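Q: Contents of input02.txt (compact mmCIF, C-alpha atoms and all ligand atoms) are below:
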# COMPACT_ATOMS: atom_id res chain seq x y z
CA MET L 172 -70.24 16.27 -117.44
CA LYS L 173 -68.66 17.11 -120.74
CA LEU L 174 -67.82 20.62 -119.51
CA ASN L 175 -66.19 19.20 -116.40
CA ALA L 176 -64.00 16.91 -118.45
CA ILE L 177 -62.75 19.82 -120.56
CA HIS L 178 -62.23 21.90 -117.45
CA PHE L 179 -60.05 19.27 -115.78
CA LYS L 180 -58.16 18.63 -118.97
CA LYS L 181 -57.17 22.30 -119.00
CA ILE L 182 -56.01 22.10 -115.39
CA THR L 183 -53.88 19.02 -116.03
CA VAL L 184 -52.01 20.91 -118.75
CA SER L 185 -51.77 24.34 -117.15
CA VAL L 186 -50.82 23.40 -113.58
CA PRO L 187 -47.52 21.67 -114.45
CA LEU L 188 -46.64 24.48 -116.88
CA ILE L 189 -47.22 27.12 -114.22
CA THR L 190 -45.18 25.12 -111.71
CA LEU L 191 -42.37 24.80 -114.21
CA ALA L 192 -42.44 28.53 -114.90
CA LEU L 193 -42.41 29.38 -111.19
CA LEU L 194 -39.50 27.10 -110.42
CA ALA L 195 -37.44 28.07 -113.44
CA ASN L 196 -38.09 31.75 -112.85
CA PRO L 197 -38.51 32.24 -109.11
CA VAL L 198 -41.02 34.82 -107.95
CA HIS L 199 -38.62 35.52 -105.10
CA ALA L 200 -37.51 39.11 -105.46
CA VAL L 201 -34.44 40.66 -103.93
CA ASP L 202 -33.89 44.25 -102.82
CA TRP L 203 -30.41 45.60 -102.33
CA THR L 204 -29.31 48.51 -100.18
CA GLU L 205 -25.97 50.16 -100.89
CA ILE L 206 -23.34 49.05 -98.40
CA GLY L 207 -21.09 51.97 -97.48
CA ASP L 208 -20.48 53.80 -100.75
CA ALA L 209 -20.60 51.92 -104.07
CA GLY L 210 -17.52 52.58 -106.20
CA GLN L 211 -17.62 54.56 -109.41
CA LEU L 212 -15.58 52.37 -111.74
CA VAL L 213 -16.10 48.92 -113.22
CA SER L 214 -13.35 47.66 -110.92
CA THR L 215 -14.98 49.09 -107.79
CA ALA L 216 -18.66 48.56 -108.66
CA GLN L 217 -20.79 47.06 -105.91
CA MET L 218 -22.38 43.71 -106.70
CA PRO L 219 -25.80 43.00 -105.16
CA THR L 220 -25.90 39.50 -103.69
CA GLY L 221 -28.44 37.41 -101.89
CA ASP L 222 -30.81 34.51 -102.38
CA GLU L 223 -31.35 33.69 -106.00
CA GLY L 224 -34.11 35.75 -107.50
CA ARG L 225 -35.10 38.79 -109.43
CA LEU L 226 -33.30 41.95 -108.36
CA ARG L 227 -36.21 44.35 -107.94
CA ASN L 228 -34.82 47.47 -106.28
CA ILE L 229 -31.54 49.06 -105.34
CA TYR L 230 -31.63 51.64 -102.56
CA GLY L 231 -28.70 53.96 -101.99
CA THR L 232 -27.43 57.46 -101.28
CA ILE L 233 -25.74 60.05 -103.45
CA SER L 234 -23.75 61.63 -100.67
CA THR L 235 -22.19 64.53 -102.60
CA ASN L 236 -22.48 66.16 -106.04
CA ASN L 237 -19.34 64.17 -106.98
CA ASP L 238 -20.66 60.81 -105.79
CA ILE L 239 -21.26 58.20 -108.49
CA ASP L 240 -22.61 54.79 -107.49
CA MET L 241 -21.87 51.89 -109.82
CA TYR L 242 -23.52 48.48 -109.48
CA ARG L 243 -22.45 45.28 -111.18
CA LEU L 244 -25.60 43.57 -112.41
CA TYR L 245 -26.45 40.36 -114.20
CA ILE L 246 -28.96 41.18 -116.92
CA SER L 247 -30.70 37.87 -117.50
CA ASN L 248 -33.28 39.23 -119.91
CA PRO L 249 -31.89 42.00 -122.14
CA THR L 250 -35.21 42.52 -123.95
CA THR L 251 -37.09 43.34 -120.74
CA PHE L 252 -34.23 45.11 -118.98
CA SER L 253 -35.17 48.54 -117.70
CA ALA L 254 -34.02 50.77 -114.88
CA ALA L 255 -35.82 53.74 -113.36
CA VAL L 256 -34.47 55.83 -110.52
CA ASN L 257 -36.41 58.17 -108.34
CA SER L 258 -35.28 60.40 -105.51
CA THR L 259 -36.90 59.08 -102.37
CA SER L 260 -35.54 62.05 -100.42
CA GLY L 261 -36.96 64.39 -103.03
CA ASP L 262 -34.22 66.57 -104.50
CA LEU L 263 -31.86 64.46 -106.62
CA ASP L 264 -31.57 65.34 -110.32
CA SER L 265 -30.37 61.90 -111.30
CA LEU L 266 -28.71 60.33 -114.33
CA LEU L 267 -28.45 56.66 -115.15
CA VAL L 268 -25.74 55.21 -117.39
CA LEU L 269 -25.36 51.56 -118.34
CA PHE L 270 -21.95 50.17 -119.29
CA ASN L 271 -21.04 46.71 -120.45
CA GLN L 272 -18.65 44.48 -118.54
CA GLY L 273 -15.63 46.14 -120.16
CA GLY L 274 -16.76 49.68 -119.30
CA TYR L 275 -18.03 50.68 -122.73
CA VAL L 276 -21.19 52.76 -122.55
CA ILE L 277 -24.46 51.16 -123.67
CA TYR L 278 -26.94 53.96 -123.00
CA GLY L 279 -27.81 56.66 -120.53
CA ASN L 280 -30.52 59.16 -119.67
CA ASP L 281 -30.98 62.34 -117.66
CA ASN L 282 -34.76 62.67 -117.37
CA ALA L 283 -37.15 59.87 -118.25
CA MET L 284 -40.07 62.26 -118.65
CA LEU L 285 -40.49 65.94 -119.33
CA GLY L 286 -40.89 67.85 -116.09
CA SER L 287 -39.29 65.22 -113.84
CA PRO L 288 -35.59 65.04 -112.87
CA ASP L 289 -35.71 61.24 -112.43
CA ALA L 290 -33.70 59.22 -114.94
CA GLY L 291 -34.78 56.02 -116.69
CA LEU L 292 -33.41 53.47 -119.11
CA PRO L 293 -36.27 52.03 -121.18
CA ALA L 294 -36.80 48.41 -122.15
CA GLY L 295 -36.68 47.43 -125.79
CA TYR L 296 -34.38 50.27 -126.85
CA LEU L 297 -32.64 49.46 -130.14
CA ASN L 298 -29.14 50.09 -128.74
CA GLY L 299 -29.86 48.74 -125.27
CA PRO L 300 -28.22 45.60 -123.88
CA GLN L 301 -28.18 42.90 -126.57
CA ALA L 302 -27.18 39.76 -124.69
CA PRO L 303 -27.54 38.33 -121.19
CA GLY L 304 -24.46 38.96 -119.09
CA TRP L 305 -22.74 41.25 -116.63
CA TYR L 306 -23.22 44.98 -116.96
CA ASN L 307 -22.48 48.04 -114.83
CA LEU L 308 -25.18 50.53 -113.95
CA ALA L 309 -24.19 53.95 -112.63
CA VAL L 310 -26.43 56.44 -110.86
CA LEU L 311 -25.20 59.98 -110.32
CA SER L 312 -26.33 63.53 -109.89
CA LEU L 313 -26.29 65.97 -112.78
CA GLY L 314 -22.92 67.51 -113.66
CA THR L 315 -20.34 64.72 -113.52
CA PRO L 316 -20.43 63.00 -116.95
CA PRO L 317 -18.47 59.82 -117.67
CA VAL L 318 -15.06 60.27 -119.29
CA SER L 319 -12.66 57.97 -121.07
CA GLY L 320 -9.21 58.19 -122.56
CA ASN L 321 -6.32 60.25 -121.33
CA GLY L 322 -7.72 62.24 -118.50
CA PHE L 323 -10.72 64.10 -117.34
CA THR L 324 -11.10 66.72 -120.03
CA PRO L 325 -14.36 67.51 -121.77
CA ASP L 326 -12.82 66.19 -124.99
CA HIS L 327 -13.04 62.73 -123.61
CA TYR L 328 -16.64 62.73 -122.53
CA ILE L 329 -18.05 59.35 -123.45
CA GLY L 330 -21.50 60.60 -124.34
CA PRO L 331 -22.85 63.89 -125.62
CA ASP L 332 -23.38 66.59 -123.02
CA VAL L 333 -26.97 66.50 -121.85
CA SER L 334 -29.03 69.19 -123.54
CA PRO L 335 -32.69 70.20 -123.77
CA PRO L 336 -35.15 68.58 -123.58
CA PHE L 337 -32.99 66.23 -121.43
CA THR L 338 -35.26 63.28 -122.15
CA GLN L 339 -33.10 61.82 -124.95
CA ILE L 340 -31.47 58.42 -124.67
CA LEU L 341 -27.73 59.09 -124.67
CA THR L 342 -25.29 56.68 -126.27
CA GLY L 343 -21.53 56.67 -126.75
CA THR L 344 -21.50 59.34 -129.42
CA GLY L 345 -19.28 61.81 -127.56
CA PRO L 346 -15.56 62.29 -128.33
CA GLY L 347 -14.57 59.48 -125.97
CA GLY L 348 -17.41 57.15 -126.83
CA ALA L 349 -15.23 54.53 -128.51
CA SER L 350 -13.15 54.03 -125.35
CA PRO L 351 -14.08 52.48 -122.02
CA LEU L 352 -14.81 54.43 -118.86
CA THR L 353 -11.77 55.71 -116.97
CA GLY L 354 -13.47 58.12 -114.58
CA TRP L 355 -16.00 60.89 -114.19
CA ALA L 356 -15.66 64.64 -114.63
CA GLN L 357 -15.67 65.96 -111.09
CA LEU L 358 -17.02 69.27 -109.91
CA GLU L 359 -14.52 71.66 -108.35
CA ASP L 360 -16.51 72.22 -105.19
CA THR L 361 -17.82 69.14 -103.50
CA VAL L 362 -21.21 69.79 -101.95
CA THR L 363 -22.95 67.42 -99.55
CA LEU L 364 -26.26 66.19 -100.92
CA ASN L 365 -27.17 63.01 -99.00
CA GLU L 366 -29.97 62.34 -101.45
CA GLU L 367 -31.53 58.90 -101.23
CA TYR L 368 -32.60 57.03 -104.33
CA ARG L 369 -34.42 53.93 -105.39
CA ILE L 370 -33.66 52.19 -108.69
CA ARG L 371 -36.43 49.89 -109.94
CA LEU L 372 -35.12 47.14 -112.18
CA SER L 373 -36.49 44.63 -114.66
CA GLY L 374 -34.66 41.78 -116.32
CA VAL L 375 -31.94 41.59 -113.64
CA THR L 376 -31.26 38.57 -111.43
CA VAL L 377 -29.04 37.77 -108.49
CA SER L 378 -27.03 34.51 -108.62
CA PRO L 379 -27.96 33.65 -112.21
CA VAL L 380 -26.36 30.19 -112.15
CA PRO L 381 -28.96 27.67 -110.87
CA GLU L 382 -27.83 25.74 -107.80
CA PRO L 383 -28.15 21.93 -107.81
CA GLU L 384 -31.01 22.25 -105.29
CA THR L 385 -33.00 24.24 -107.85
CA TYR L 386 -32.89 21.34 -110.28
CA ALA L 387 -33.84 18.94 -107.48
CA MET L 388 -36.80 21.17 -106.58
CA LEU L 389 -37.81 21.38 -110.22
CA LEU L 390 -37.81 17.60 -110.62
CA ALA L 391 -39.59 17.09 -107.30
CA GLY L 392 -42.21 19.68 -108.32
CA LEU L 393 -42.82 17.98 -111.66
CA GLY L 394 -43.09 14.58 -109.97
CA LEU L 395 -45.57 15.92 -107.42
CA MET L 396 -47.70 17.52 -110.11
CA GLY L 397 -47.66 14.31 -112.11
CA THR L 398 -48.97 12.43 -109.09
CA MET L 399 -51.71 14.99 -108.50
CA VAL L 400 -52.75 14.89 -112.15
CA ARG L 401 -52.94 11.10 -112.09
CA ARG L 402 -55.05 11.22 -108.91
CA ARG L 403 -57.33 13.78 -110.44
CA LYS L 404 -57.82 11.70 -113.56
CA GLY L 405 -58.75 8.77 -111.33
CA PHE L 406 -61.24 10.92 -109.48
CA ILE L 407 -62.89 12.08 -112.70
CA ALA L 408 -63.11 8.51 -113.99
CA ARG L 409 -65.04 7.52 -110.89
CA CA U 501 -23.19 56.41 -102.67
CA CA U 502 -20.08 56.19 -104.87
CA CA U 503 -32.14 64.00 -114.27
Hey, can you dump this file as structure tokens for me?
Ligand SMILES: [Ca+2]
Ligand SMILES: [Ca+2]
Ligand SMILES: [Ca+2]

A:
Amino acid sequence: MKLNAIHFKKITVSVPLITLALLANPVHAVDWTEIGDAGQLVSTAQMPTGDEGRLRNIYGTISTNNDIDMYRLYISNPTTFSAAVNSTSGDLDSLLVLFNQGGYVIYGNDNAMLGSPDAGLPAGYLNGPQAPGWYNLAVLSLGTPPVSGNGFTPDHYIGPDVSPPFTQILTGTGPGGASPLTGWAQLEDTVTLNEEYRIRLSGVTVSPVPEPETYAMLLAGLGLMGTMVRRRKGFIAR
């Protein structure tokens, strides 16, 4: 009898808290598939849209060795933000580069792990995204680094050139690192790749501003739970 009372007391506290957490942070997850070809600049980045929820995956295609796909993302949780790309078609040596809203580089990576060409941006990196807000994430194949400043010369590379062991986190320490993105170094011969990729994301949401209905649902959910708790208490008392 005593055990039961403690048990139900725990439920009365935890159930509303769980409900609150679910409503405030919907489990609903959204996947996005590149429409046409995502642009390569902040001004032409593709913005995933859909029902409010966590943006879980972006699927797309690097069509040539000069194709860069930029996505405009809302990072709702900068401390858990991470991005990991893998080549679902098998042969893409990918890079990921994150820029802020103004096109300044945050961090980038060539290979997340030794022996794999897939790129990743880790969570909790000291110089990763610091505040919730809009950012731009670019995925590209090896060989077309981001440039800034007056033209597409190597002197204006935003980051350092990738070098062995290729697993480093790259930041804006190249000659053009203090300036925002203006373009990408392009390879002389464009080669068709048609490599498909999947970017797994954490800490990113679609439609970050809660709609009025969300608040209504939240209040309704709390009210419902309150009623259930009261009923349960009555049941125990009997
Ligand atoms: Ca593309
Ligand atoms: Ca593109
Ligand atoms: Ca790579």

Q: Go through chain L and flag each residue having an atom no more than 12 Å from ligand CA 501 (chain U); for those, report the closest pair of atoms plus their distance in Å to one decimal, using all atoms listed in the file, ordered by chain and rising number, as a tab-separated table.

A:
residue	atom	partner	partner_atom	distance
L:Thr204	CA	U:CA501	CA	10.3
L:Glu205	CA	U:CA501	CA	7.1
L:Ile206	CA	U:CA501	CA	8.5
L:Gly207	CA	U:CA501	CA	7.1
L:Asp208	CA	U:CA501	CA	4.2
L:Ala209	CA	U:CA501	CA	5.4
L:Gly210	CA	U:CA501	CA	7.7
L:Gln211	CA	U:CA501	CA	8.9
L:Ala216	CA	U:CA501	CA	10.9
L:Gln217	CA	U:CA501	CA	10.2
L:Ile229	CA	U:CA501	CA	11.4
L:Tyr230	CA	U:CA501	CA	9.7
L:Gly231	CA	U:CA501	CA	6.1
L:Thr232	CA	U:CA501	CA	4.6
L:Ile233	CA	U:CA501	CA	4.5
L:Ser234	CA	U:CA501	CA	5.6
L:Thr235	CA	U:CA501	CA	8.2
L:Asn236	CA	U:CA501	CA	10.3
L:Asn237	CA	U:CA501	CA	9.7
L:Asp238	CA	U:CA501	CA	6.0
L:Ile239	CA	U:CA501	CA	6.4
L:Asp240	CA	U:CA501	CA	5.1
L:Met241	CA	U:CA501	CA	8.6
L:Tyr242	CA	U:CA501	CA	10.5
L:Ala309	CA	U:CA501	CA	10.3
L:Val310	CA	U:CA501	CA	8.8
L:Leu311	CA	U:CA501	CA	8.7
L:Ser312	CA	U:CA501	CA	10.6
L:Thr363	CA	U:CA501	CA	11.4
L:Leu364	CA	U:CA501	CA	10.4
L:Asn365	CA	U:CA501	CA	8.5
L:Glu366	CA	U:CA501	CA	9.1
L:Glu367	CA	U:CA501	CA	8.8
L:Tyr368	CA	U:CA501	CA	9.6
L:Arg369	CA	U:CA501	CA	11.8

Q: As an exercise, work out the distance from CA of Pro219 in chain L to CA of Ile370 in chain L in Å and give it to one decimal place.

A: 12.6 Å

Q: Rank L:Leu308, L:Leu269, L:Val201, L:Ala254 by their smallest atom-to-atom distance to ligand CA 502 (chain U), using only C-alpha atoms and all ligand atoms, and report the top residue only.

A: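 Checking each candidate against ligand CA 502 (chain U), we get L:Leu308 as the closest.
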
Q: Can you work out which one of L:Gly291, L:Gly348, L:Gly354, L:Gly224 has the shortest atom-to-atom distance to ligand CA 502 (chain U), counting only C-alpha atoms and all ligand atoms?

A: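 Distance minimum relative to ligand CA 502 (chain U) lands on L:Gly354.
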
Q: State, in Å with one decimal place, the distance from CA of Leu266 in chain L to CA of Asn282 in chain L.

A: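 Taking CA of Leu266 in chain L as the start and CA of Asn282 in chain L as the end point, the length is 7.2 Å.
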
Q: Which of these, L:Leu263, L:Asn248, L:Asp202, L:Thr215, has the shortest distance to ligand CA 502 (chain U) once you count all atoms listed in the file?

A: L:Thr215

Q: I'd like the neighbourhood of range 326-341 of chain L as number ranges by chain, where a residue qualifies if any of its atoms comes within 9 Å (using only C-alpha atoms), though same-chain residues fewer than 2 positions away should be ignored.

A: L: 268, 275-285, 290-293, 296, 316-324, 343-352, 355-356

Q: Considering all atoms listed in the file, can you say which of L:Thr361, L:Asn257, L:Gln272, L:Thr376 comes closest to ligand CA 503 (chain U)?

A: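 Nearest candidate to ligand CA 503 (chain U) out of L:Thr361, L:Asn257, L:Gln272, L:Thr376: L:Asn257.
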
Q: One decimal, in Å: what's the spacing between CA of Val362 in chain L and atom CA of ligand CA 503 (chain U)?

A: 17.5 Å

Q: Of the candidates L:Met218, L:Gly273, L:Gly314, L:Ala302, which one gets nearest to ligand CA 503 (chain U) if we count only C-alpha atoms and all ligand atoms?

A: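 Among the listed residues, the smallest separation from ligand CA 503 (chain U) belongs to L:Gly314.
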
Q: Because the input lacks atoms here, generate N, CA and C atoms for range 216-230 of chain L and report them as a PDB file, in the coordinates of the input.

A:
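Here's the written file part.pdb:
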ATOM      1  N   ALA L 216     -17.191  48.602-108.701  1.00  0.00           N
ATOM      2  CA  ALA L 216     -18.660  48.560-108.660  1.00  0.00           C
ATOM      3  C   ALA L 216     -19.121  47.601-107.561  1.00  0.00           C
ATOM      4  N   GLN L 217     -20.241  47.917-106.963  1.00  0.00           N
ATOM      5  CA  GLN L 217     -20.790  47.060-105.910  1.00  0.00           C
ATOM      6  C   GLN L 217     -21.721  46.025-106.546  1.00  0.00           C
ATOM      7  N   MET L 218     -21.573  44.765-106.117  1.00  0.00           N
ATOM      8  CA  MET L 218     -22.380  43.710-106.700  1.00  0.00           C
ATOM      9  C   MET L 218     -23.446  43.245-105.717  1.00  0.00           C
ATOM     10  N   PRO L 219     -24.722  43.498-106.033  1.00  0.00           N
ATOM     11  CA  PRO L 219     -25.800  43.000-105.160  1.00  0.00           C
ATOM     12  C   PRO L 219     -25.752  41.478-105.086  1.00  0.00           C
ATOM     13  N   THR L 220     -25.895  40.953-103.880  1.00  0.00           N
ATOM     14  CA  THR L 220     -25.900  39.500-103.690  1.00  0.00           C
ATOM     15  C   THR L 220     -27.085  39.132-102.816  1.00  0.00           C
ATOM     16  N   GLY L 221     -27.334  37.859-102.718  1.00  0.00           N
ATOM     17  CA  GLY L 221     -28.440  37.410-101.890  1.00  0.00           C
ATOM     18  C   GLY L 221     -28.989  36.111-102.420  1.00  0.00           C
ATOM     19  N   ASP L 222     -30.156  35.721-101.896  1.00  0.00           N
ATOM     20  CA  ASP L 222     -30.810  34.510-102.380  1.00  0.00           C
ATOM     21  C   ASP L 222     -31.130  34.706-103.851  1.00  0.00           C
ATOM     22  N   GLU L 223     -31.066  33.600-104.574  1.00  0.00           N
ATOM     23  CA  GLU L 223     -31.350  33.690-106.000  1.00  0.00           C
ATOM     24  C   GLU L 223     -32.733  34.275-106.235  1.00  0.00           C
ATOM     25  N   GLY L 224     -32.812  35.172-107.179  1.00  0.00           N
ATOM     26  CA  GLY L 224     -34.110  35.750-107.500  1.00  0.00           C
ATOM     27  C   GLY L 224     -33.948  36.993-108.348  1.00  0.00           C
ATOM     28  N   ARG L 225     -35.071  37.577-108.634  1.00  0.00           N
ATOM     29  CA  ARG L 225     -35.100  38.790-109.430  1.00  0.00           C
ATOM     30  C   ARG L 225     -34.621  39.959-108.567  1.00  0.00           C
ATOM     31  N   LEU L 226     -33.714  40.754-109.089  1.00  0.00           N
ATOM     32  CA  LEU L 226     -33.300  41.950-108.360  1.00  0.00           C
ATOM     33  C   LEU L 226     -34.300  43.052-108.701  1.00  0.00           C
ATOM     34  N   ARG L 227     -35.069  43.454-107.704  1.00  0.00           N
ATOM     35  CA  ARG L 227     -36.210  44.350-107.940  1.00  0.00           C
ATOM     36  C   ARG L 227     -35.847  45.804-107.708  1.00  0.00           C
ATOM     37  N   ASN L 228     -35.153  46.090-106.625  1.00  0.00           N
ATOM     38  CA  ASN L 228     -34.820  47.470-106.280  1.00  0.00           C
ATOM     39  C   ASN L 228     -33.398  47.578-105.750  1.00  0.00           C
ATOM     40  N   ILE L 229     -32.776  48.701-106.030  1.00  0.00           N
ATOM     41  CA  ILE L 229     -31.540  49.060-105.340  1.00  0.00           C
ATOM     42  C   ILE L 229     -31.809  50.389-104.632  1.00  0.00           C
ATOM     43  N   TYR L 230     -31.502  50.413-103.350  1.00  0.00           N
ATOM     44  CA  TYR L 230     -31.630  51.640-102.560  1.00  0.00           C
ATOM     45  C   TYR L 230     -30.237  52.138-102.221  1.00  0.00           C
TER      46      TYR L 230
END
